[in-house]
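Structure data (TSV, C-alpha atoms and all ligand atoms) from model.tsv:
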chain	number	residue	atom	x	y	z
A	1	MET	CA	62.90	54.06	83.36
A	2	ARG	CA	64.57	51.97	80.67
A	3	ASP	CA	67.98	50.65	81.52
A	4	GLU	CA	70.21	52.62	79.20
A	5	ARG	CA	73.58	51.50	80.47
A	6	GLY	CA	76.19	49.83	78.38
A	7	THR	CA	74.74	50.93	75.05
A	8	GLY	CA	76.70	52.94	72.55
A	9	PRO	CA	75.41	56.16	71.03
A	10	GLN	CA	73.30	54.37	68.37
A	11	GLY	CA	71.47	56.80	66.18
A	12	ALA	CA	74.12	59.40	66.99
A	13	ALA	CA	75.50	59.54	63.46
A	14	ASP	CA	74.35	63.15	63.24
A	15	GLY	CA	75.46	63.89	66.80
A	16	LEU	CA	78.19	66.19	68.07
A	17	THR	CA	80.82	64.84	70.43
A	18	VAL	CA	82.74	66.78	73.07
A	19	ARG	CA	85.84	65.33	74.69
A	20	VAL	CA	86.34	66.53	78.23
A	21	PRO	CA	89.22	65.93	80.67
A	22	ALA	CA	89.53	64.76	84.25
A	23	LYS	CA	91.46	66.85	86.76
A	24	VAL	CA	93.92	66.38	89.56
A	25	ASN	CA	94.33	69.00	92.28
A	26	VAL	CA	98.05	69.66	92.61
A	27	GLN	CA	97.20	71.90	95.54
A	28	LEU	CA	93.99	71.63	97.52
A	29	ALA	CA	94.11	73.96	100.51
A	30	VAL	CA	90.88	73.78	102.51
A	31	GLY	CA	89.93	76.68	104.77
A	32	GLY	CA	87.68	76.51	107.81
A	33	LEU	CA	84.00	75.56	107.67
A	34	ARG	CA	82.01	78.71	106.83
A	35	PRO	CA	78.60	79.53	108.31
A	36	ASP	CA	77.05	78.72	104.89
A	37	GLY	CA	78.39	75.16	105.15
A	38	PHE	CA	81.09	75.57	102.49
A	39	HIS	CA	84.87	75.73	102.86
A	40	GLY	CA	87.03	78.41	101.28
A	41	LEU	CA	89.56	76.82	98.93
A	42	ALA	CA	92.83	77.52	97.22
A	43	ASN	CA	92.60	74.89	94.57
A	44	VAL	CA	95.15	74.42	91.82
A	45	PHE	CA	93.55	72.34	89.08
A	46	LEU	CA	95.51	70.51	86.41
A	47	ALA	CA	93.60	68.86	83.56
A	48	VAL	CA	94.91	65.37	82.75
A	49	GLY	CA	94.55	63.09	79.74
A	50	LEU	CA	91.76	60.84	81.01
A	51	HIS	CA	88.57	61.77	79.20
A	52	ASP	CA	84.85	61.27	78.99
A	53	GLU	CA	83.05	61.90	75.70
A	54	VAL	CA	79.60	63.47	75.62
A	55	THR	CA	77.60	63.17	72.40
A	56	ALA	CA	74.47	65.25	71.74
A	57	SER	CA	72.14	64.09	68.94
A	58	PRO	CA	68.80	65.40	67.66
A	59	TYR	CA	65.89	63.80	69.51
A	60	GLU	CA	62.19	64.51	70.15
A	61	GLY	CA	62.28	64.72	73.95
A	62	PHE	CA	65.15	63.97	76.32
A	63	ARG	CA	67.13	60.77	76.67
A	64	LEU	CA	70.41	59.92	78.45
A	65	THR	CA	72.56	56.83	77.94
A	66	VAL	CA	75.90	55.94	79.51
A	67	SER	CA	78.54	53.40	78.53
A	68	GLY	CA	82.08	52.54	79.59
A	69	THR	CA	83.99	52.28	82.85
A	70	ASP	CA	81.74	52.35	85.93
A	71	ALA	CA	78.66	53.12	83.78
A	72	GLU	CA	76.48	51.20	86.24
A	73	HIS	CA	77.39	53.69	89.00
A	74	VAL	CA	76.30	56.75	87.02
A	75	PRO	CA	72.78	57.98	87.89
A	76	LEU	CA	70.43	58.21	84.90
A	77	ASP	CA	67.83	60.34	86.67
A	78	GLU	CA	67.56	64.12	87.01
A	79	SER	CA	70.57	64.16	89.36
A	80	ASN	CA	72.94	63.39	86.48
A	81	LEU	CA	75.09	66.46	86.02
A	82	ALA	CA	74.96	66.20	82.21
A	83	THR	CA	71.15	66.12	82.34
A	84	ARG	CA	71.14	69.14	84.66
A	85	ALA	CA	73.51	70.96	82.32
A	86	ALA	CA	71.35	70.31	79.23
A	87	ARG	CA	68.20	71.45	81.05
A	88	LEU	CA	69.93	74.56	82.41
A	89	LEU	CA	71.17	75.58	78.95
A	90	ALA	CA	67.73	74.98	77.43
A	91	ALA	CA	66.05	77.08	80.16
A	92	HIS	CA	68.66	79.82	79.68
A	93	HIS	CA	67.60	80.08	76.03
A	94	GLY	CA	63.88	79.52	76.70
A	95	ARG	CA	63.72	76.32	74.64
A	96	GLU	CA	62.84	72.67	75.22
A	97	PRO	CA	65.76	70.40	76.19
A	98	HIS	CA	65.26	68.15	73.19
A	99	VAL	CA	68.40	66.07	72.88
A	100	ARG	CA	69.73	62.58	73.09
A	101	LEU	CA	72.83	62.61	75.27
A	102	HIS	CA	75.30	59.78	75.40
A	103	ILE	CA	78.21	59.72	77.86
A	104	ALA	CA	81.13	57.39	77.09
A	105	LYS	CA	82.82	57.26	80.50
A	106	ASP	CA	86.49	56.68	81.08
A	107	ILE	CA	86.92	58.96	84.12
A	108	PRO	CA	86.40	56.94	87.33
A	109	VAL	CA	83.05	57.64	89.02
A	110	ALA	CA	83.27	59.26	92.50
A	111	GLY	CA	87.04	59.00	92.09
A	112	GLY	CA	88.08	62.55	93.02
A	113	MET	CA	88.74	63.42	89.37
A	114	ALA	CA	85.57	65.46	88.76
A	115	GLY	CA	84.06	63.11	86.18
A	116	GLY	CA	80.51	64.30	86.75
A	117	SER	CA	81.64	67.92	86.42
A	118	ALA	CA	83.43	67.02	83.19
A	119	ASP	CA	80.20	65.53	81.82
A	120	ALA	CA	78.30	68.70	82.74
A	121	ALA	CA	80.77	70.91	80.86
A	122	GLY	CA	80.73	68.46	77.94
A	123	ALA	CA	76.93	68.44	77.80
A	124	LEU	CA	76.77	72.25	77.83
A	125	LEU	CA	79.17	72.54	74.91
A	126	ALA	CA	77.63	69.66	72.93
A	127	CYS	CA	74.05	70.94	73.36
A	128	ASP	CA	75.08	74.50	72.55
A	129	ALA	CA	76.60	73.28	69.29
A	130	LEU	CA	73.65	70.99	68.46
A	131	TRP	CA	71.01	73.65	69.18
A	132	GLY	CA	73.01	76.44	67.54
A	133	THR	CA	72.41	78.60	70.59
A	134	ARG	CA	75.84	80.29	70.32
A	135	THR	CA	76.19	80.90	74.05
A	136	SER	CA	79.13	83.20	74.81
A	137	ARG	CA	82.12	81.84	76.73
A	138	ASP	CA	81.30	84.05	79.74
A	139	GLU	CA	77.70	82.83	79.83
A	140	LEU	CA	78.86	79.21	79.53
A	141	LEU	CA	81.25	79.77	82.44
A	142	ALA	CA	78.45	81.28	84.54
A	143	LEU	CA	76.21	78.28	83.76
A	144	CYS	CA	79.10	75.96	84.68
A	145	ALA	CA	79.54	77.71	88.05
A	146	GLU	CA	75.79	77.28	88.71
A	147	LEU	CA	76.16	73.53	88.13
A	148	GLY	CA	79.08	73.00	90.52
A	149	SER	CA	82.38	74.41	91.68
A	150	ASP	CA	84.51	72.01	89.57
A	151	VAL	CA	82.50	72.49	86.33
A	152	PRO	CA	84.08	75.76	85.05
A	153	PHE	CA	87.54	74.18	85.12
A	154	ALA	CA	86.39	71.22	82.99
A	155	LEU	CA	85.36	73.74	80.31
A	156	VAL	CA	88.64	75.66	80.48
A	157	GLY	CA	91.21	72.85	81.05
A	158	GLY	CA	94.97	73.41	81.20
A	159	ALA	CA	95.85	74.61	84.67
A	160	ALA	CA	93.96	77.10	86.80
A	161	LEU	CA	93.69	78.46	90.31
A	162	GLY	CA	90.22	78.08	91.80
A	163	GLN	CA	89.26	80.28	94.73
A	164	GLY	CA	86.05	80.90	96.65
A	165	ARG	CA	84.38	77.47	96.62
A	166	GLY	CA	86.75	76.64	93.75
A	167	GLU	CA	84.64	78.24	91.01
A	168	LEU	CA	86.44	81.61	90.73
A	169	LEU	CA	89.01	80.60	88.15
A	170	THR	CA	92.28	82.20	87.14
A	171	PRO	CA	94.00	80.40	84.26
A	172	LEU	CA	97.65	79.52	84.98
A	173	GLU	CA	100.57	79.32	82.63
A	174	THR	CA	102.30	75.95	82.31
A	175	GLY	CA	105.80	75.50	80.93
A	176	GLY	CA	105.98	71.83	80.05
A	177	THR	CA	104.44	68.38	80.05
A	178	PHE	CA	104.06	66.48	83.31
A	179	HIS	CA	103.88	62.67	83.44
A	180	TRP	CA	101.28	61.16	85.75
A	181	VAL	CA	100.05	57.77	86.86
A	182	PHE	CA	96.58	57.30	88.35
A	183	ALA	CA	95.72	54.32	90.53
A	184	LEU	CA	91.99	53.69	90.21
A	185	ALA	CA	90.28	52.22	93.26
A	186	ASP	CA	87.31	49.90	93.59
A	187	GLY	CA	84.33	51.95	94.76
A	188	GLY	CA	84.17	55.71	95.25
A	189	LEU	CA	84.30	58.15	98.12
A	190	SER	CA	81.57	60.73	98.66
A	191	THR	CA	83.04	64.23	98.44
A	192	PRO	CA	80.72	65.71	101.17
A	193	GLU	CA	81.67	62.82	103.47
A	194	VAL	CA	85.38	63.49	102.94
A	195	TYR	CA	84.89	67.18	103.82
A	196	ARG	CA	82.95	66.15	106.95
A	197	GLU	CA	85.79	63.81	107.91
A	198	CYS	CA	88.30	66.64	107.36
A	199	ASP	CA	86.28	68.83	109.78
A	200	ARG	CA	86.00	65.95	112.27
A	201	LEU	CA	89.77	65.34	112.22
A	202	ARG	CA	90.43	69.07	112.72
A	203	GLU	CA	88.06	69.13	115.72
A	204	ALA	CA	89.60	65.94	117.14
A	205	SER	CA	93.13	67.34	116.85
A	206	GLY	CA	92.10	70.30	118.99
A	207	THR	CA	92.74	72.98	116.34
A	208	GLY	CA	89.05	73.37	115.47
A	209	ALA	CA	87.36	73.30	112.07
A	210	GLY	CA	85.81	76.79	111.83
A	211	ILE	CA	87.02	79.78	109.82
A	212	ASP	CA	88.57	81.35	112.95
A	213	SER	CA	90.68	78.27	113.64
A	214	VAL	CA	91.98	77.34	110.18
A	215	PRO	CA	94.38	79.62	108.27
A	216	GLU	CA	92.96	81.22	105.15
A	217	PRO	CA	93.89	78.99	102.21
A	218	ARG	CA	96.51	80.50	99.88
A	219	PRO	CA	98.08	79.21	96.70
A	220	SER	CA	101.72	78.12	97.02
A	221	GLU	CA	104.05	80.41	95.05
A	222	ARG	CA	106.56	77.58	94.75
A	223	LEU	CA	103.93	75.36	93.16
A	224	LEU	CA	102.75	78.06	90.75
A	225	ASP	CA	106.39	78.66	89.73
A	226	ALA	CA	106.91	74.94	89.16
A	227	LEU	CA	103.87	74.84	86.84
A	228	ARG	CA	105.03	77.97	85.01
A	229	THR	CA	108.55	76.63	84.43
A	230	GLY	CA	107.50	73.02	83.79
A	231	ASP	CA	109.81	71.82	86.59
A	232	ALA	CA	108.50	68.37	87.57
A	233	ALA	CA	110.88	67.97	90.53
A	234	GLU	CA	109.77	71.31	91.98
A	235	LEU	CA	106.13	70.41	91.37
A	236	ALA	CA	106.69	67.10	93.17
A	237	ALA	CA	108.17	68.96	96.14
A	238	SER	CA	105.24	71.35	96.40
A	239	VAL	CA	102.03	69.34	95.76
A	240	SER	CA	99.61	69.17	98.72
A	241	ASN	CA	96.10	68.03	99.48
A	242	ASP	CA	94.36	69.01	102.73
A	243	LEU	CA	91.72	66.32	102.09
A	244	GLN	CA	94.27	63.52	101.97
A	245	ALA	CA	94.22	62.74	105.71
A	246	ALA	CA	90.42	62.53	105.60
A	247	ALA	CA	90.40	60.25	102.54
A	248	LEU	CA	93.01	58.00	104.21
A	249	SER	CA	90.98	57.96	107.41
A	250	LEU	CA	87.91	56.77	105.48
A	251	ARG	CA	89.90	54.39	103.25
A	252	PRO	CA	93.08	53.33	105.15
A	253	SER	CA	94.12	50.93	102.36
A	254	LEU	CA	95.04	53.97	100.21
A	255	ALA	CA	98.21	54.28	102.30
A	256	ASP	CA	99.45	51.04	100.69
A	257	THR	CA	98.67	52.37	97.23
A	258	LEU	CA	100.62	55.58	97.93
A	259	LYS	CA	103.60	53.62	99.34
A	260	THR	CA	103.66	51.28	96.34
A	261	GLY	CA	103.88	54.17	93.86
A	262	THR	CA	106.58	55.92	95.88
A	263	ALA	CA	108.64	52.72	96.15
A	264	ALA	CA	108.35	52.31	92.37
A	265	GLY	CA	109.94	55.72	91.78
A	266	ALA	CA	107.15	58.31	91.88
A	267	SER	CA	108.51	61.73	92.80
A	268	ALA	CA	105.18	62.63	94.43
A	269	ALA	CA	102.25	60.52	95.61
A	270	LEU	CA	98.95	62.06	96.67
A	271	VAL	CA	95.25	61.39	96.84
A	272	SER	CA	93.45	63.05	93.92
A	273	GLY	CA	90.91	65.57	95.28
A	274	SER	CA	88.57	63.76	97.66
A	275	GLY	CA	89.86	60.35	96.48
A	276	PRO	CA	89.99	57.44	96.32
A	277	THR	CA	92.01	57.73	93.08
A	278	CYS	CA	95.72	58.15	93.90
A	279	ALA	CA	97.96	60.31	91.70
A	280	PHE	CA	101.69	59.85	91.13
A	281	LEU	CA	104.07	62.24	89.46
A	282	ALA	CA	106.80	60.59	87.36
A	283	ALA	CA	110.04	61.96	85.93
A	284	ASP	CA	109.26	60.76	82.39
A	285	ALA	CA	107.10	58.37	80.35
A	286	ALA	CA	109.32	55.34	81.08
A	287	SER	CA	109.19	55.95	84.83
A	288	ALA	CA	105.40	56.41	84.61
A	289	ALA	CA	105.07	53.02	82.86
A	290	ALA	CA	107.22	51.34	85.56
A	291	ILE	CA	105.12	52.90	88.36
A	292	ALA	CA	101.89	51.78	86.67
A	293	SER	CA	103.19	48.18	86.32
A	294	ALA	CA	104.25	48.09	89.98
A	295	LEU	CA	100.84	49.39	91.08
A	296	GLU	CA	98.97	46.83	88.96
A	297	GLU	CA	101.18	43.96	90.17
A	298	SER	CA	100.75	44.99	93.83
A	299	GLY	CA	97.00	44.43	93.75
A	300	HIS	CA	96.57	47.69	95.70
A	301	CYS	CA	94.41	49.22	92.96
A	302	ARG	CA	91.84	48.18	90.38
A	303	ALA	CA	93.89	49.54	87.48
A	304	ALA	CA	96.68	52.03	86.87
A	305	ARG	CA	96.67	54.53	84.01
A	306	THR	CA	99.52	56.63	82.65
A	307	THR	CA	98.89	60.01	81.08
A	308	THR	CA	100.23	63.53	80.69
A	309	ALA	CA	99.14	67.01	81.72
A	310	PRO	CA	98.10	69.69	81.03
A	311	ALA	CA	95.21	68.56	78.81
A	312	PRO	CA	92.91	70.96	76.94
A	313	GLY	CA	89.42	71.69	78.28
A	314	ALA	CA	86.13	70.53	76.77
A	315	THR	CA	86.59	70.34	72.98
A	316	LEU	CA	84.27	69.47	70.10
A	317	THR	CA	85.90	66.52	68.36
A	318	GLY	CA	84.26	66.89	64.96
A	319	LYS	CA	83.06	63.25	65.19
B	1	LIG	P1	84.65	65.70	92.60
B	1	LIG	O1	86.10	65.40	92.58
B	1	LIG	O2	84.22	66.76	91.64
B	1	LIG	O3	84.07	65.92	93.94
B	1	LIG	P2	84.26	62.95	91.96
B	1	LIG	O4	85.17	62.84	90.80
B	1	LIG	O5	84.71	62.39	93.26
B	1	LIG	O6	83.84	64.44	92.10
B	1	LIG	P3	82.07	62.20	90.27
B	1	LIG	O7	82.55	61.12	89.37
B	1	LIG	O8	81.89	63.54	89.71
B	1	LIG	O9	82.94	62.25	91.58
B	1	LIG	O10	80.71	61.67	90.90
B	1	LIG	C1	80.21	62.05	92.17
B	1	LIG	C2	78.76	61.60	92.24
B	1	LIG	O11	78.02	62.39	91.32
B	1	LIG	C3	78.55	60.16	91.78
B	1	LIG	O12	78.58	59.28	92.86
B	1	LIG	C4	77.21	60.20	91.11
B	1	LIG	O13	76.19	59.76	91.96
B	1	LIG	C5	76.94	61.65	90.77
B	1	LIG	N1	76.90	61.97	89.32
B	1	LIG	C6	76.02	62.80	88.74
B	1	LIG	N2	76.24	62.90	87.43
B	1	LIG	C7	77.29	62.13	87.14
B	1	LIG	C8	77.98	61.83	85.94
B	1	LIG	N3	77.63	62.35	84.76
B	1	LIG	N4	79.05	61.02	86.01
B	1	LIG	C9	79.42	60.51	87.20
B	1	LIG	N5	78.77	60.72	88.36
B	1	LIG	C10	77.72	61.54	88.35
Show me this structure written as structure tokens.
Amino acid sequence: MRDERGTGPQGAADGLTVRVPAKVNVQLAVGGLRPDGFHGLANVFLAVGLHDEVTASPYEGFRLTVSGTDAEHVPLDESNLATRAARLLAAHHGREPHVRLHIAKDIPVAGGMAGGSADAAGALLACDALWGTRTSRDELLALCAELGSDVPFALVGGAALGQGRGELLTPLETGGTFHWVFALADGGLSTPEVYRECDRLREASGTGAGIDSVPEPRPSERLLDALRTGDAAELAASVSNDLQAAALSLRPSLADTLKTGTAAGASAALVSGSGPTCAFLAADAASAAAIASALEESGHCRAARTTTAPAPGATLTGK
């Protein structure tokens, strides 16, 4: 295979670009391990203003290139979620997956912000536009769910409650803009490993990890109200992540990152999804900037990024 990293989307002048957001889970309630190996979830997704861009251009055959942050950690083979998405859409319409895909990555890889899922949703929308296949929204959502439990949300954006494995989505109303800081870590964490660690910690604590031992996950009414009314202080008081203990167990240094953000004024500090990215809620843009500076100066993260939420879902940019 040619090494296609670090190159821009040359030859993509006639391509179509989709901008697609990262997510943070403001609530991630993890139920017991089911016999099918999955966990039931009550998962409140919030789309945030860190984005990847997926460009689809006409091409005889299939080609994938990746540039940007962490590009060298993105697989270029058939396991790439954008590649899988393009092939799935082509198969759905009984056509060849002829496309050149370019991913400009800004979402951290294996960072707990669903970057791969974002690329899958972006590729579906970009290919659908390029091929003129006019796939309905419901069909696109079904294809997203086939690709992974976080993919439908990347298409929809905003805020949503995910149930089942996370893929049964109910859009949620949001009443304002929330200010966030994300501390990006060196290296990723494997999501399946974090779930295994969560089960191990539950077993070790004596409560057990099975569906009979763990309460059924339910969305927090207080948190949903906070989103609806745009009340950042209430949101800060109600965020939760059942995977946080497992991520901290696998990466103890994240405790220092969380403490640094809290000391700098964050009203909430939590691991994003399965980590290792840490998320901090700030009262306003000035506070977010101060938290980001403190995090960068502390050396407890690779970089800190400020942004707002909710962000729209996958969107054709017109570029
Ligand atoms: P999630 O929070 O959805 O569990 P994540 O944000 O922790 O995921 P991703 O960035 O989606 O992690 O990447 C997880 C793994 O998926 C990577 O280690 C990589 O091997 C693989 N992967 C497949 N396609 C992509 C892609 N387009 N971008 C990034 N990683 C991808």
Do you have, as a Markdown table, the list of residues of chain A lying at most 6 Å from ligand LIG 1 (chain B), each with its nearest atom pair and that distance in Å to one decimal, counting only C-alpha atoms and all ligand atoms and ordered by chain then number?
| residue | atom | partner | partner_atom | distance |
| --- | --- | --- | --- | --- |
| A:Val74 | CA | B:LIG1 | N5 | 4.9 |
| A:Pro75 | CA | B:LIG1 | O13 | 5.6 |
| A:Ser79 | CA | B:LIG1 | C6 | 5.7 |
| A:Asn80 | CA | B:LIG1 | N2 | 3.5 |
| A:Leu81 | CA | B:LIG1 | N2 | 4.0 |
| A:Ala82 | CA | B:LIG1 | N3 | 5.3 |
| A:Val109 | CA | B:LIG1 | O7 | 3.5 |
| A:Ala110 | CA | B:LIG1 | O9 | 3.1 |
| A:Gly111 | CA | B:LIG1 | O5 | 4.3 |
| A:Gly112 | CA | B:LIG1 | O5 | 3.4 |
| A:Met113 | CA | B:LIG1 | O4 | 3.9 |
| A:Ala114 | CA | B:LIG1 | O4 | 3.3 |
| A:Gly115 | CA | B:LIG1 | O7 | 4.1 |
| A:Gly116 | CA | B:LIG1 | O8 | 3.4 |
| A:Ser117 | CA | B:LIG1 | O8 | 5.5 |
| A:Asp119 | CA | B:LIG1 | N3 | 5.0 |
| A:Asp150 | CA | B:LIG1 | O2 | 5.7 |
| A:Thr191 | CA | B:LIG1 | O3 | 4.9 |
| A:Gly273 | CA | B:LIG1 | O1 | 5.5 |
| A:Ser274 | CA | B:LIG1 | O1 | 5.9 |
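Closest to Gly31 in chain A among A:Thr207, A:Ser213, A:Gln244, A:Thr306 is A:Ser213, based on only C-alpha atoms.
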Around the point (87.4, 74.0, 83.6), in the coordinates given by the file, pick out the residues reaching within 9 Å, counting all atoms listed in the file, and return them as a PyMOL selection string. chain A and resi 21+23+45+47+117-118+121+141+144+150-160+167+169+313-314
Record the distance separating CA of Asp199 in chain A and CA of Arg251 in chain A, expressed in Å with one decimal.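 So the answer is 16.3 Å.
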Skipping near chain neighbours, those fewer than 5 positions away, what residues fall within 8 Å of Leu147 in chain A using only C-alpha atoms, listed as a list in words?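 The neighbour list is Leu81, Arg84, Ala85 and Ala120 of chain A.
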Take the residues from that selection and write them out as an mmCIF file, in the coordinates of the input, keeping C-alpha atoms.
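After the write, again-v5.cif holds the following:
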data_model
loop_
_atom_site.group_PDB
_atom_site.id
_atom_site.type_symbol
_atom_site.label_atom_id
_atom_site.label_comp_id
_atom_site.auth_asym_id
_atom_site.auth_seq_id
_atom_site.Cartn_x
_atom_site.Cartn_y
_atom_site.Cartn_z
ATOM 1 C CA LEU A 81 75.090 66.460 86.020
ATOM 2 C CA ARG A 84 71.140 69.140 84.660
ATOM 3 C CA ALA A 85 73.510 70.960 82.320
ATOM 4 C CA ALA A 120 78.300 68.700 82.740
#
